[in-house]
$ cat my_file.txt   # compact mmCIF, C-alpha atoms and all ligand atoms
# COMPACT_ATOMS: atom_id res chain seq x y z
CA MET A 164 0.00 0.00 0.00
CA SER A 165 1.45 3.38 -0.91
CA THR A 166 1.64 5.88 1.91
CA ARG A 167 0.63 9.35 0.86
CA GLU A 168 2.60 12.19 2.38
CA ASN A 169 0.55 14.83 4.18
CA ILE A 170 2.06 18.30 4.14
CA PRO A 171 0.72 20.76 6.72
CA LEU A 172 0.39 24.49 6.09
CA PHE A 173 2.82 25.13 8.93
CA ASP A 174 5.27 23.12 11.03
CA LEU A 175 7.61 24.69 13.57
CA THR A 176 11.22 23.88 14.36
CA VAL A 177 12.23 24.95 17.88
CA SER A 178 16.00 25.30 18.03
CA ARG A 179 18.17 23.59 20.63
CA GLU A 180 19.37 27.08 21.56
CA ALA A 181 15.80 28.11 22.40
CA ILE A 182 15.32 25.07 24.64
CA LYS A 183 18.62 25.88 26.40
CA GLU A 184 17.66 29.55 26.87
CA VAL A 185 14.22 28.67 28.25
CA THR A 186 15.70 26.14 30.67
CA ALA A 187 18.18 28.76 31.90
CA SER A 188 15.35 31.27 32.26
CA LEU A 189 13.25 28.83 34.32
CA ARG A 190 16.25 28.00 36.52
CA SER A 191 17.00 31.68 37.08
CA GLY A 192 13.87 32.16 39.17
CA TRP A 193 12.93 35.34 37.27
CA LEU A 194 10.13 34.52 34.85
CA SER A 195 8.41 37.81 34.02
CA THR A 196 9.93 40.91 32.37
CA GLY A 197 13.59 41.00 33.35
CA PRO A 198 17.14 40.59 32.06
CA ARG A 199 16.24 38.32 29.12
CA VAL A 200 13.66 40.76 27.81
CA ALA A 201 16.31 43.51 27.97
CA GLN A 202 18.78 41.25 26.17
CA PHE A 203 16.18 40.36 23.52
CA GLU A 204 15.36 44.06 22.97
CA ARG A 205 19.06 44.85 22.45
CA ALA A 206 19.35 41.95 19.99
CA LEU A 207 16.33 43.25 18.05
CA THR A 208 17.76 46.77 17.76
CA ARG A 209 21.05 45.34 16.43
CA LYS A 210 19.27 43.13 13.93
CA LEU A 211 17.05 45.95 12.67
CA ASP A 212 19.69 48.67 12.92
CA ALA A 213 17.22 50.68 15.02
CA GLU A 214 17.60 52.83 18.15
CA GLN A 215 15.00 51.24 20.38
CA ALA A 216 12.82 48.16 20.77
CA VAL A 217 10.18 47.41 23.37
CA ALA A 218 9.24 43.73 23.58
CA VAL A 219 5.54 43.06 24.20
CA ASN A 220 3.30 40.03 24.65
CA SER A 221 1.77 40.21 21.13
CA ALA A 222 1.75 42.38 18.04
CA THR A 223 -1.93 43.06 18.71
CA ALA A 224 -1.08 44.65 22.06
CA GLY A 225 1.98 46.28 20.46
CA LEU A 226 -0.14 47.97 17.80
CA ALA A 227 -2.56 49.28 20.43
CA VAL A 228 0.31 50.63 22.54
CA ALA A 229 2.06 52.15 19.49
CA LEU A 230 -1.15 53.89 18.39
CA LYS A 231 -2.04 55.13 21.86
CA ALA A 232 1.50 56.51 22.19
CA ILE A 233 0.91 58.82 19.20
CA GLY A 234 -2.39 59.97 20.66
CA ILE A 235 -4.91 57.86 18.75
CA GLY A 236 -8.28 58.12 20.47
CA PRO A 237 -11.88 59.21 19.80
CA GLY A 238 -12.24 61.44 16.74
CA LYS A 239 -8.94 60.30 15.21
CA GLU A 240 -8.98 58.44 11.91
CA VAL A 241 -6.42 55.76 11.11
CA ILE A 242 -6.04 54.62 7.50
CA THR A 243 -5.23 50.95 7.00
CA SER A 244 -5.82 47.96 4.74
CA PRO A 245 -8.81 45.61 5.02
CA PHE A 246 -6.57 42.87 3.59
CA THR A 247 -5.05 41.93 6.93
CA PHE A 248 -5.56 39.92 10.08
CA VAL A 249 -8.33 41.38 12.23
CA ALA A 250 -5.76 42.43 14.90
CA THR A 251 -4.78 45.50 12.84
CA ILE A 252 -8.32 46.88 13.04
CA GLU A 253 -8.87 45.74 16.63
CA ALA A 254 -5.85 47.73 17.80
CA ILE A 255 -7.26 50.95 16.31
CA LEU A 256 -10.63 50.28 17.96
CA TYR A 257 -9.06 49.47 21.35
CA CYS A 258 -7.67 53.01 21.33
CA GLY A 259 -11.06 54.49 20.42
CA GLY A 260 -9.85 55.50 16.95
CA THR A 261 -11.81 55.16 13.70
CA PRO A 262 -10.45 52.74 11.08
CA VAL A 263 -10.60 54.08 7.52
CA LEU A 264 -9.98 51.48 4.82
CA ALA A 265 -8.00 51.95 1.60
CA ASP A 266 -7.29 49.62 -1.32
CA VAL A 267 -4.15 47.57 -1.97
CA ASN A 268 -1.78 47.29 -4.90
CA PRO A 269 -2.99 44.26 -6.91
CA GLU A 270 0.51 42.80 -7.25
CA THR A 271 2.00 43.19 -3.77
CA LEU A 272 -1.31 43.32 -1.85
CA THR A 273 0.14 46.16 0.25
CA LEU A 274 -1.59 49.50 0.88
CA ASP A 275 -1.83 51.60 -2.30
CA PRO A 276 -0.59 55.17 -1.63
CA GLU A 277 -3.03 56.62 -4.21
CA SER A 278 -5.97 54.96 -2.52
CA VAL A 279 -4.69 56.25 0.84
CA ALA A 280 -4.59 59.79 -0.61
CA SER A 281 -8.23 59.43 -1.68
CA VAL A 282 -9.43 58.79 1.90
CA LEU A 283 -7.29 61.36 3.74
CA THR A 284 -9.27 63.89 5.77
CA ARG A 285 -8.37 66.56 8.30
CA HIS A 286 -9.08 63.92 10.97
CA THR A 287 -6.45 61.48 9.65
CA ALA A 288 -4.06 60.96 12.56
CA ALA A 289 -2.04 57.91 11.43
CA ILE A 290 -1.49 55.40 8.65
CA VAL A 291 -1.03 51.72 9.47
CA PRO A 292 0.37 49.98 6.38
CA VAL A 293 0.53 46.19 6.60
CA ASP A 294 3.64 44.45 5.22
CA ILE A 295 1.52 41.57 4.06
CA ALA A 296 3.17 38.13 3.69
CA GLY A 297 6.45 39.85 4.64
CA HIS A 298 6.52 42.16 1.59
CA PRO A 299 7.25 45.78 2.57
CA CYS A 300 4.73 48.48 1.66
CA ASP A 301 5.65 51.34 -0.65
CA TYR A 302 7.02 53.58 2.13
CA VAL A 303 8.28 56.26 -0.29
CA GLY A 304 4.81 56.53 -1.82
CA LEU A 305 3.18 56.64 1.61
CA ARG A 306 5.58 59.34 2.86
CA LEU A 307 4.68 61.46 -0.19
CA VAL A 308 0.99 61.08 0.68
CA CYS A 309 1.66 62.11 4.29
CA GLY A 310 3.34 65.21 2.86
CA LYS A 311 3.75 68.35 4.92
CA ARG A 312 1.33 67.15 7.59
CA ARG A 313 3.85 64.53 8.69
CA ILE A 314 1.09 62.05 9.48
CA PRO A 315 2.74 59.27 11.51
CA ILE A 316 3.21 55.87 9.90
CA ILE A 317 2.96 52.95 12.32
CA SER A 318 3.67 49.85 10.27
CA ASP A 319 2.00 46.54 11.00
CA SER A 320 5.14 44.53 10.26
CA ALA A 321 3.80 41.41 11.98
CA HIS A 322 4.87 39.35 8.94
CA ALA A 323 8.00 41.25 8.04
CA PHE A 324 10.82 40.50 10.46
CA GLY A 325 13.86 40.36 8.17
CA ALA A 326 12.31 42.38 5.31
CA THR A 327 13.98 45.46 3.84
CA PHE A 328 12.82 48.36 1.68
CA HIS A 329 15.57 50.06 -0.36
CA SER A 330 18.04 47.91 1.65
CA LYS A 331 16.93 49.34 5.01
CA SER A 332 14.78 47.70 7.68
CA ILE A 333 11.17 48.89 7.96
CA PRO A 334 11.63 50.98 11.15
CA GLN A 335 13.98 53.22 9.10
CA TRP A 336 10.94 54.19 7.00
CA ALA A 337 8.07 54.12 9.47
CA ASP A 338 7.77 56.19 12.65
CA ALA A 339 7.41 52.88 14.46
CA SER A 340 7.08 49.27 13.34
CA VAL A 341 5.30 46.50 15.16
CA TYR A 342 6.51 42.91 14.71
CA SER A 343 4.82 39.68 15.77
CA PHE A 344 6.63 36.72 17.28
CA TYR A 345 3.56 34.48 17.29
CA ALA A 346 4.20 30.72 16.89
CA THR A 347 4.03 30.69 13.08
CA LYS A 348 6.08 33.84 12.45
CA ASN A 349 9.57 33.85 10.90
CA LEU A 350 11.00 34.66 14.33
CA THR A 351 8.95 33.23 17.19
CA CYS A 352 8.74 33.56 20.95
CA GLY A 353 5.65 31.30 21.04
CA GLU A 354 3.64 34.47 21.64
CA GLY A 355 5.09 37.96 21.53
CA GLY A 356 5.84 41.08 19.58
CA ALA A 357 7.94 44.22 19.57
CA ILE A 358 7.58 47.91 18.84
CA VAL A 359 10.70 49.25 17.14
CA SER A 360 11.51 52.88 16.42
CA ASN A 361 14.28 55.46 16.24
CA ARG A 362 12.26 58.08 18.16
CA LYS A 363 13.45 58.23 21.74
CA SER A 364 10.75 60.30 23.46
CA TYR A 365 8.02 58.37 21.66
CA MET A 366 9.58 55.08 22.80
CA ASP A 367 9.67 56.33 26.41
CA ARG A 368 5.88 56.60 26.17
CA VAL A 369 5.63 53.21 24.49
CA ARG A 370 7.65 51.67 27.32
CA TYR A 371 5.43 52.88 30.15
CA LEU A 372 2.18 52.39 28.21
CA SER A 373 3.13 48.71 27.74
CA ARG A 374 3.22 48.24 31.53
CA HIS A 375 -0.01 49.87 32.79
CA GLY A 376 1.46 53.38 32.50
CA MET A 377 3.92 52.59 35.33
CA THR A 378 7.23 54.43 35.43
CA THR A 379 9.23 51.29 36.30
CA ASN A 380 8.74 47.53 36.21
CA ALA A 381 9.24 45.04 39.08
CA PHE A 382 12.70 43.97 37.89
CA GLN A 383 13.95 47.55 37.73
CA ARG A 384 12.60 48.18 41.24
CA GLN A 385 14.34 45.07 42.52
CA VAL A 386 17.64 46.13 40.95
CA GLN A 387 17.25 49.71 42.20
CA GLY A 388 16.17 48.55 45.64
CA GLY A 389 13.09 50.79 46.02
CA TRP A 390 9.37 50.00 45.91
CA ALA A 391 8.02 53.34 44.66
CA TYR A 392 6.65 54.00 41.20
CA ASP A 393 4.15 56.35 39.62
CA VAL A 394 1.37 55.64 37.11
CA VAL A 395 1.40 58.43 34.55
CA ASP A 396 -1.18 57.28 31.98
CA LEU A 397 -3.85 54.67 31.26
CA GLY A 398 -1.72 51.86 29.84
CA PHE A 399 -1.99 48.24 28.78
CA LYS A 400 -0.77 44.95 30.25
CA ALA A 401 1.49 44.25 27.27
CA ASN A 402 4.87 43.32 28.74
CA MET A 403 6.77 40.28 27.46
CA SER A 404 7.93 37.61 29.93
CA ASP A 405 11.54 36.47 30.24
CA ILE A 406 10.45 32.94 29.26
CA HIS A 407 9.14 34.19 25.92
CA ALA A 408 12.21 36.38 25.40
CA ALA A 409 14.35 33.27 26.01
CA VAL A 410 12.57 31.46 23.16
CA GLY A 411 13.16 34.50 20.93
CA LEU A 412 16.85 34.75 21.85
CA GLY A 413 17.37 31.10 20.97
CA GLN A 414 15.38 31.29 17.73
CA LEU A 415 17.21 34.46 16.69
CA ARG A 416 20.44 32.47 16.38
CA GLN A 417 18.98 30.35 13.60
CA PHE A 418 17.07 33.22 11.98
CA GLU A 419 19.43 33.88 9.06
CA SER A 420 19.67 30.21 8.10
CA ASP A 421 15.86 29.95 8.38
CA GLN A 422 15.48 32.93 6.05
CA ALA A 423 17.96 31.46 3.55
CA LYS A 424 15.93 28.25 3.56
CA ARG A 425 12.69 30.17 2.97
CA ARG A 426 14.26 31.88 -0.07
CA GLN A 427 15.45 28.56 -1.45
CA LEU A 428 11.93 27.15 -1.18
CA VAL A 429 10.46 30.25 -2.81
CA VAL A 430 12.85 29.93 -5.77
CA ARG A 431 11.77 26.30 -6.16
CA TYR A 432 8.08 27.29 -6.12
CA TYR A 433 8.79 29.80 -8.91
CA GLN A 434 10.75 27.28 -10.99
CA ASN A 435 8.01 24.67 -10.70
CA LEU A 436 4.93 26.84 -11.07
CA GLU A 437 6.04 29.11 -13.90
CA THR A 438 4.88 26.35 -16.26
CA LEU A 439 1.30 27.17 -15.29
CA GLY A 440 1.61 30.50 -17.09
CA ASP A 441 -1.56 32.52 -16.88
CA ARG A 442 -3.52 30.08 -14.69
CA LEU A 443 -1.82 30.97 -11.45
CA GLU A 444 -0.45 34.36 -10.41
CA LEU A 445 2.70 34.00 -8.31
CA PRO A 446 3.61 36.50 -5.56
CA TYR A 447 5.52 39.55 -6.73
CA GLU A 448 8.64 40.87 -5.01
CA ARG A 449 9.45 44.44 -5.98
CA PRO A 450 13.07 44.87 -7.10
CA ASP A 451 13.65 47.56 -4.44
CA CYS A 452 12.34 45.28 -1.66
CA ARG A 453 13.42 42.15 0.09
CA SER A 454 10.42 40.24 1.33
CA ALA A 455 10.70 38.30 4.58
CA TRP A 456 8.70 35.57 2.76
CA HIS A 457 6.49 34.87 5.74
CA LEU A 458 3.71 33.55 3.49
CA PHE A 459 3.65 32.31 -0.09
CA ILE A 460 0.33 33.62 -1.42
CA VAL A 461 -0.67 32.67 -4.96
CA LYS A 462 -3.79 33.85 -6.82
CA LEU A 463 -5.93 31.67 -9.04
CA VAL A 464 -6.62 33.53 -12.26
CA SER A 465 -10.36 33.72 -12.92
CA GLY A 466 -11.59 32.57 -16.32
CA ARG A 467 -8.58 30.28 -16.88
CA HIS A 468 -10.11 27.19 -15.22
CA ASN A 469 -13.51 26.28 -13.85
CA LEU A 470 -12.56 25.97 -10.18
CA THR A 471 -13.49 28.19 -7.30
CA ARG A 472 -10.74 28.95 -4.79
CA ASP A 473 -12.51 26.92 -2.10
CA ARG A 474 -12.85 23.91 -4.40
CA PHE A 475 -9.13 24.17 -5.24
CA ILE A 476 -8.25 24.11 -1.53
CA GLU A 477 -10.57 21.14 -1.03
CA LEU A 478 -8.89 19.19 -3.87
CA MET A 479 -5.44 19.99 -2.46
CA LYS A 480 -6.58 18.79 0.97
CA LYS A 481 -7.83 15.54 -0.56
CA GLN A 482 -4.34 15.04 -1.91
CA GLY A 483 -2.77 15.66 1.48
CA ILE A 484 -1.72 19.28 1.04
CA GLU A 485 -3.02 21.81 3.54
CA CYS A 486 -3.48 25.31 2.13
CA GLY A 487 -4.73 28.48 3.82
CA VAL A 488 -6.39 31.80 3.04
CA HIS A 489 -4.69 35.04 4.04
CA TYR A 490 -6.95 36.91 4.30
CA GLN A 491 -10.68 37.24 4.27
CA PRO A 492 -11.03 41.01 4.19
CA VAL A 493 -12.06 42.45 7.53
CA PHE A 494 -15.31 43.94 6.14
CA ASP A 495 -16.52 40.41 5.28
CA PHE A 496 -16.75 39.37 8.95
CA SER A 497 -20.11 39.76 10.65
CA TYR A 498 -18.81 41.88 13.55
CA TYR A 499 -17.26 44.33 11.09
CA ARG A 500 -20.24 44.62 8.76
CA SER A 501 -20.42 48.37 9.45
CA MET A 502 -17.15 48.62 7.50
CA ARG A 503 -18.74 47.24 4.33
CA ARG A 504 -19.22 50.80 3.16
CA TRP A 505 -15.50 50.79 2.34
CA LYS A 506 -15.83 47.80 0.05
CA LYS A 507 -16.52 49.76 -3.12
CA ARG A 508 -13.34 51.75 -2.57
CA CYS A 509 -11.30 48.54 -2.42
CA PRO A 510 -11.83 46.64 -5.72
CA ASN A 511 -8.34 45.10 -5.63
CA VAL A 512 -8.98 43.71 -2.14
CA VAL A 513 -12.33 42.26 -3.24
CA SER A 514 -10.78 40.65 -6.33
CA ALA A 515 -7.76 39.22 -4.48
CA ALA A 516 -9.83 37.93 -1.57
CA GLU A 517 -11.76 35.52 -3.81
CA ARG A 518 -8.60 34.11 -5.40
CA VAL A 519 -5.81 33.94 -2.81
CA VAL A 520 -4.40 30.65 -1.60
CA THR A 521 -1.51 30.33 0.85
CA LEU A 522 0.85 27.44 0.15
CA PRO A 523 3.06 25.81 2.83
CA LEU A 524 6.30 27.73 3.49
CA TYR A 525 8.49 27.16 6.54
CA PRO A 526 12.13 26.18 7.10
CA LYS A 527 11.29 22.57 7.95
CA LEU A 528 9.72 22.09 4.48
CA THR A 529 11.99 20.31 1.99
CA LEU A 530 12.56 21.06 -1.70
CA LYS A 531 11.14 17.61 -2.43
CA GLN A 532 7.95 18.53 -0.57
CA VAL A 533 7.71 21.75 -2.61
CA ASP A 534 7.99 19.59 -5.75
CA THR A 535 5.16 17.38 -4.45
CA ILE A 536 2.98 20.42 -3.69
CA CYS A 537 3.65 21.87 -7.16
CA ASN A 538 2.93 18.59 -8.94
CA ARG A 539 -0.44 18.43 -7.19
CA ILE A 540 -1.24 22.01 -8.18
CA ILE A 541 -0.24 21.36 -11.80
CA GLY A 542 -2.36 18.19 -11.80
CA ILE A 543 -5.39 20.15 -10.58
CA LEU A 544 -5.01 23.22 -12.78
CA LYS A 545 -3.90 21.67 -16.10
C1 LIG B 601 -0.97 41.26 9.81
C2 LIG B 601 -1.04 40.90 11.26
N1 LIG B 601 -1.08 41.88 12.18
C3 LIG B 601 -1.12 41.63 13.49
C4 LIG B 601 -1.12 40.34 13.96
C5 LIG B 601 -1.19 40.08 15.43
O1 LIG B 601 -0.08 39.40 15.88
P1 LIG B 601 -0.09 38.71 17.33
O2 LIG B 601 -0.65 37.35 17.17
O3 LIG B 601 1.36 38.69 17.71
O4 LIG B 601 -0.90 39.56 18.21
C6 LIG B 601 -1.06 39.28 13.05
C7 LIG B 601 -1.06 37.89 13.54
O5 LIG B 601 -0.98 36.94 12.84
C8 LIG B 601 -1.03 39.56 11.67
O6 LIG B 601 -1.02 38.57 10.77
$ encode --input "my_file.txt" --output "structure tokens" --more "lines below"
Ligand SMILES: Cc1ncc(COP(=O)(O)O)c(C=O)c1O
Amino acid sequence: MSTRENIPLFDLTVSREAIKEVTASLRSGWLSTGPRVAQFERALTRKLDAEQAVAVNSATAGLAVALKAIGIGPGKEVITSPFTFVATIEAILYCGGTPVLADVNPETLTLDPESVASVLTRHTAAIVPVDIAGHPCDYVGLRLVCGKRRIPIISDSAHAFGATFHSKSIPQWADASVYSFYATKNLTCGEGGAIVSNRKSYMDRVRYLSRHGMTTNAFQRQVQGGWAYDVVDLGFKANMSDIHAAVGLGQLRQFESDQAKRRQLVVRYYQNLETLGDRLELPYERPDCRSAWHLFIVKLVSGRHNLTRDRFIELMKKQGIECGVHYQPVFDFSYYRSMRRWKKRCPNVVSAAERVVTLPLYPKLTLKQVDTICNRIIGILK
């Protein structure tokens, strides 16, 4: 009997280094925010060539903190993309801000600066571009749109750890960037995130807002030997624990080899799937960008076969290949139905949403498995 190989959408490799770091953290007796978080933050700033990083317990919390720190609240509009995970919109709402939705570029699926310009108002207080799948947004185009008003750009770079735009990391282009270290991300802490920026006074606010608005944390008080602290604002419980930072520190050591592996797999996908020509649109990497290749999102081309996207995913599943959908646009969810009024302004989002399929991409995947995945796709689409 032949055994068919099942290939999951995602499979994680936890490095030996991460296991060692976590064990050391547990043995240290200090589990919450402490020396390992500080060490992880320093490692992040070095990696991203940025001034400051504040590690947090998720990118969702990080986005809320980053937005609150620039004063987002009632009456403030924040322009973002509906083609994202719901966390982007949630963070704006947590702060009391109003999400305003703009369309994406049909090739990169990142926020389209022209569409952003068309929804700017005098109430626009921030732009939250999403580096979808790890591909950087057009930060030059977005800066031009922000123009003389210097509207802050807080990037949702949850997917983009390791990505560059014009050879520089994203925090060099945005006022602040928020990364996710969720279990499936290119760099993981299990759960976690970080806000990264070159703006010192802004990051001072970010730091205390991430710990209930308190001026110091427990570890600092222990080191300094005093109990007193002040609470200077309404903050969030968003601090990262030392255990999670330990996972991140360990994983960081294999990050570059993981990224090289992702690129190798991506090249193989291109080589194998190019034969499908106009039936399948492959992801586009702009020449001035380096994608982090968090996700490999292809688009079925309508009119070139008689399959719906959902039927395609079903057929792949039957053949042992798990695919995903990133993303259903936010305005298609029942809770967010009030945002459907933005739909007509976002034709590229609507068109992409019906056709996108995420294929497996993670360092544990082998080139042979990519060949298997591609053969199944070719079998279904030819
Ligand atoms: C685009 C985007 N933004 C934000 C988040 C939230 O990240 P976290 O799970 O770390 O809160 C995610 C999570 O997958 C995401 O995909």
$ residues_near_ligand --input "my_file.txt" --ligand "ligand LIG 601 (chain B)" --cutoff "7 Å" --atoms "only C-alpha atoms and all ligand atoms" --output "list in words"
Ser221, Ala222, Thr223, Ala224, Thr247, Phe248, Ala250, Thr251, Val293, Ile295, Asp319, Ser320, Ala321, His322, Ser343, Phe344, Tyr345, Glu354, Gly355 and Gly356 of chain A
$ closest_residue --input "my_file.txt" --among "A:Thr438, A:Thr261, A:Ser244, A:Asn349" --to "Gly411 (chain A)" --atoms "all atoms listed in the file"
A:Asn349
$ closest_residue --input "my_file.txt" --among "A:Val303, A:Leu478, A:Glu180, A:Leu428" --to "His329 (chain A)" --atoms "all atoms listed in the file"
A:Val303
$ closest_residue --input "my_file.txt" --among "A:Asn511, A:Ser497, A:Gln491, A:Thr287" --to "Val267 (chain A)" --atoms "all atoms listed in the file"
A:Asn511
$ atom_distance --input "my_file.txt" --atom1 "CA of Arg518 (chain A)" --atom2 "CA of Leu283 (chain A)"
28.8 Å
$ residues_near_point --input "my_file.txt" --point "(2.7, 55.0, -0.8)" --cutoff "10 Å" --atoms "all atoms listed in the file" --output "list of chain:residue names"
A:Asn268, A:Thr273, A:Leu274, A:Asp275, A:Pro276, A:Glu277, A:Ser278, A:Val279, A:Ala280, A:Pro292, A:Cys300, A:Asp301, A:Tyr302, A:Val303, A:Gly304, A:Leu305, A:Arg306, A:Leu307, A:Val308, A:Cys309
$ atom_distance --input "my_file.txt" --atom1 "CA of Ile252 (chain A)" --atom2 "CA of Tyr498 (chain A)"
11.6 Å
$ residues_near_point --input "my_file.txt" --point "(17.6, 31.2, 27.3)" --cutoff "6 Å" --atoms "only C-alpha atoms" --output "list in words"
Lys183, Glu184, Val185, Ala187, Ser188 and Ala409 of chain A
$ closest_residue --input "my_file.txt" --among "A:Ser318, A:Thr243, A:Asn435, A:Thr176" --to "Thr347 (chain A)" --atoms "all atoms listed in the file"
A:Thr176
$ closest_residue --input "my_file.txt" --among "A:Tyr499, A:Glu477, A:Val359, A:Ala296" --to "Leu256 (chain A)" --atoms "only C-alpha atoms"
A:Tyr499
$ atom_distance --input "my_file.txt" --atom1 "CA of Ser178 (chain A)" --atom2 "CA of Val410 (chain A)"
8.7 Å
$ residues_around --input "my_file.txt" --residues "region 230-241 of chain A" --least-positions-apart "2" --cutoff "6 Å" --atoms "all atoms listed in the file" --output "ChimeraX atom specification"
/A:227-228,258-263,286-290,368-369
$ residues_around --input "my_file.txt" --residues "region 207-216 of chain A" --least-positions-apart "5" --cutoff "6 Å" --atoms "only C-alpha atoms" --output "list of chain:residue names"
A:Ser332, A:Ile358, A:Val359, A:Ser360, A:Asn361
$ write_last_selection --input "my_file.txt" --atoms "C-alpha atoms" --output "JSON list (two decimals), in the frame of the given file"
[["chain", "number", "residue", "atom", "x", "y", "z"],
["A", 332, "SER", "CA", 14.78, 47.70, 7.68],
["A", 358, "ILE", "CA", 7.58, 47.91, 18.84],
["A", 359, "VAL", "CA", 10.70, 49.25, 17.14],
["A", 360, "SER", "CA", 11.51, 52.88, 16.42],
["A", 361, "ASN", "CA", 14.28, 55.46, 16.24]]
$ closest_residue --input "my_file.txt" --among "A:Asn380, A:Gln385, A:Thr471, A:Gln482" --to "Val520 (chain A)" --atoms "all atoms listed in the file"
A:Thr471
$ closest_atom_pairs --input "my_file.txt" --of "region 350-457 of chain A" --to "region 191-202 of chain A" --cutoff "10 Å" --atoms "only C-alpha atoms" --output "JSON lines"
{"residue": "A:Arg374", "atom": "CA", "partner": "A:Thr196", "partner_atom": "CA", "distance": 10.0}
{"residue": "A:Asn380", "atom": "CA", "partner": "A:Thr196", "partner_atom": "CA", "distance": 7.7}
{"residue": "A:Ala381", "atom": "CA", "partner": "A:Thr196", "partner_atom": "CA", "distance": 7.9}
{"residue": "A:Phe382", "atom": "CA", "partner": "A:Gly197", "partner_atom": "CA", "distance": 5.5}
{"residue": "A:Gln383", "atom": "CA", "partner": "A:Gly197", "partner_atom": "CA", "distance": 7.9}
{"residue": "A:Asn402", "atom": "CA", "partner": "A:Thr196", "partner_atom": "CA", "distance": 6.7}
{"residue": "A:Met403", "atom": "CA", "partner": "A:Thr196", "partner_atom": "CA", "distance": 5.9}
{"residue": "A:Ser404", "atom": "CA", "partner": "A:Ser195", "partner_atom": "CA", "distance": 4.1}
{"residue": "A:Asp405", "atom": "CA", "partner": "A:Ser195", "partner_atom": "CA", "distance": 5.1}
{"residue": "A:Ile406", "atom": "CA", "partner": "A:Leu194", "partner_atom": "CA", "distance": 5.8}
{"residue": "A:His407", "atom": "CA", "partner": "A:Val200", "partner_atom": "CA", "distance": 8.2}
{"residue": "A:Ala408", "atom": "CA", "partner": "A:Val200", "partner_atom": "CA", "distance": 5.2}
{"residue": "A:Ala409", "atom": "CA", "partner": "A:Arg199", "partner_atom": "CA", "distance": 6.2}
{"residue": "A:Val410", "atom": "CA", "partner": "A:Arg199", "partner_atom": "CA", "distance": 9.8}
{"residue": "A:Gly411", "atom": "CA", "partner": "A:Val200", "partner_atom": "CA", "distance": 9.3}
{"residue": "A:Leu412", "atom": "CA", "partner": "A:Gln202", "partner_atom": "CA", "distance": 8.0}
$ decode --input "my_file.txt" --residues "region 436-447 of chain A" --atoms "N, CA and C atoms" --output "short mmCIF file (atom, residue, chain, number, x, y, z; two decimals), in the first residue's frame"
data_model
loop_
_atom_site.label_atom_id
_atom_site.label_comp_id
_atom_site.auth_asym_id
_atom_site.auth_seq_id
_atom_site.Cartn_x
_atom_site.Cartn_y
_atom_site.Cartn_z
N LEU A 436 6.30 26.37 -10.75
CA LEU A 436 4.93 26.84 -11.07
C LEU A 436 4.87 27.77 -12.27
N GLU A 437 6.04 28.23 -12.73
CA GLU A 437 6.04 29.11 -13.90
C GLU A 437 5.38 28.43 -15.10
N THR A 438 5.45 27.09 -15.13
CA THR A 438 4.88 26.35 -16.26
C THR A 438 3.37 26.53 -16.35
N LEU A 439 2.75 26.99 -15.26
CA LEU A 439 1.30 27.17 -15.29
C LEU A 439 0.88 28.45 -15.99
N GLY A 440 1.87 29.27 -16.33
CA GLY A 440 1.61 30.50 -17.09
C GLY A 440 0.50 31.33 -16.50
N ASP A 441 -0.54 31.56 -17.31
CA ASP A 441 -1.56 32.52 -16.88
C ASP A 441 -2.67 31.90 -16.01
N ARG A 442 -2.48 30.67 -15.55
CA ARG A 442 -3.52 30.08 -14.69
C ARG A 442 -3.36 30.43 -13.22
N LEU A 443 -2.11 30.71 -12.87
CA LEU A 443 -1.82 30.97 -11.45
C LEU A 443 -0.88 32.17 -11.37
N GLU A 444 -1.29 33.17 -10.59
CA GLU A 444 -0.45 34.36 -10.41
C GLU A 444 0.45 34.10 -9.20
N LEU A 445 1.76 34.23 -9.41
CA LEU A 445 2.70 34.00 -8.31
C LEU A 445 2.95 35.31 -7.57
N PRO A 446 3.38 35.24 -6.30
CA PRO A 446 3.61 36.50 -5.56
C PRO A 446 4.71 37.32 -6.21
N TYR A 447 4.58 38.64 -6.07
CA TYR A 447 5.52 39.55 -6.73
C TYR A 447 6.41 40.19 -5.66
#
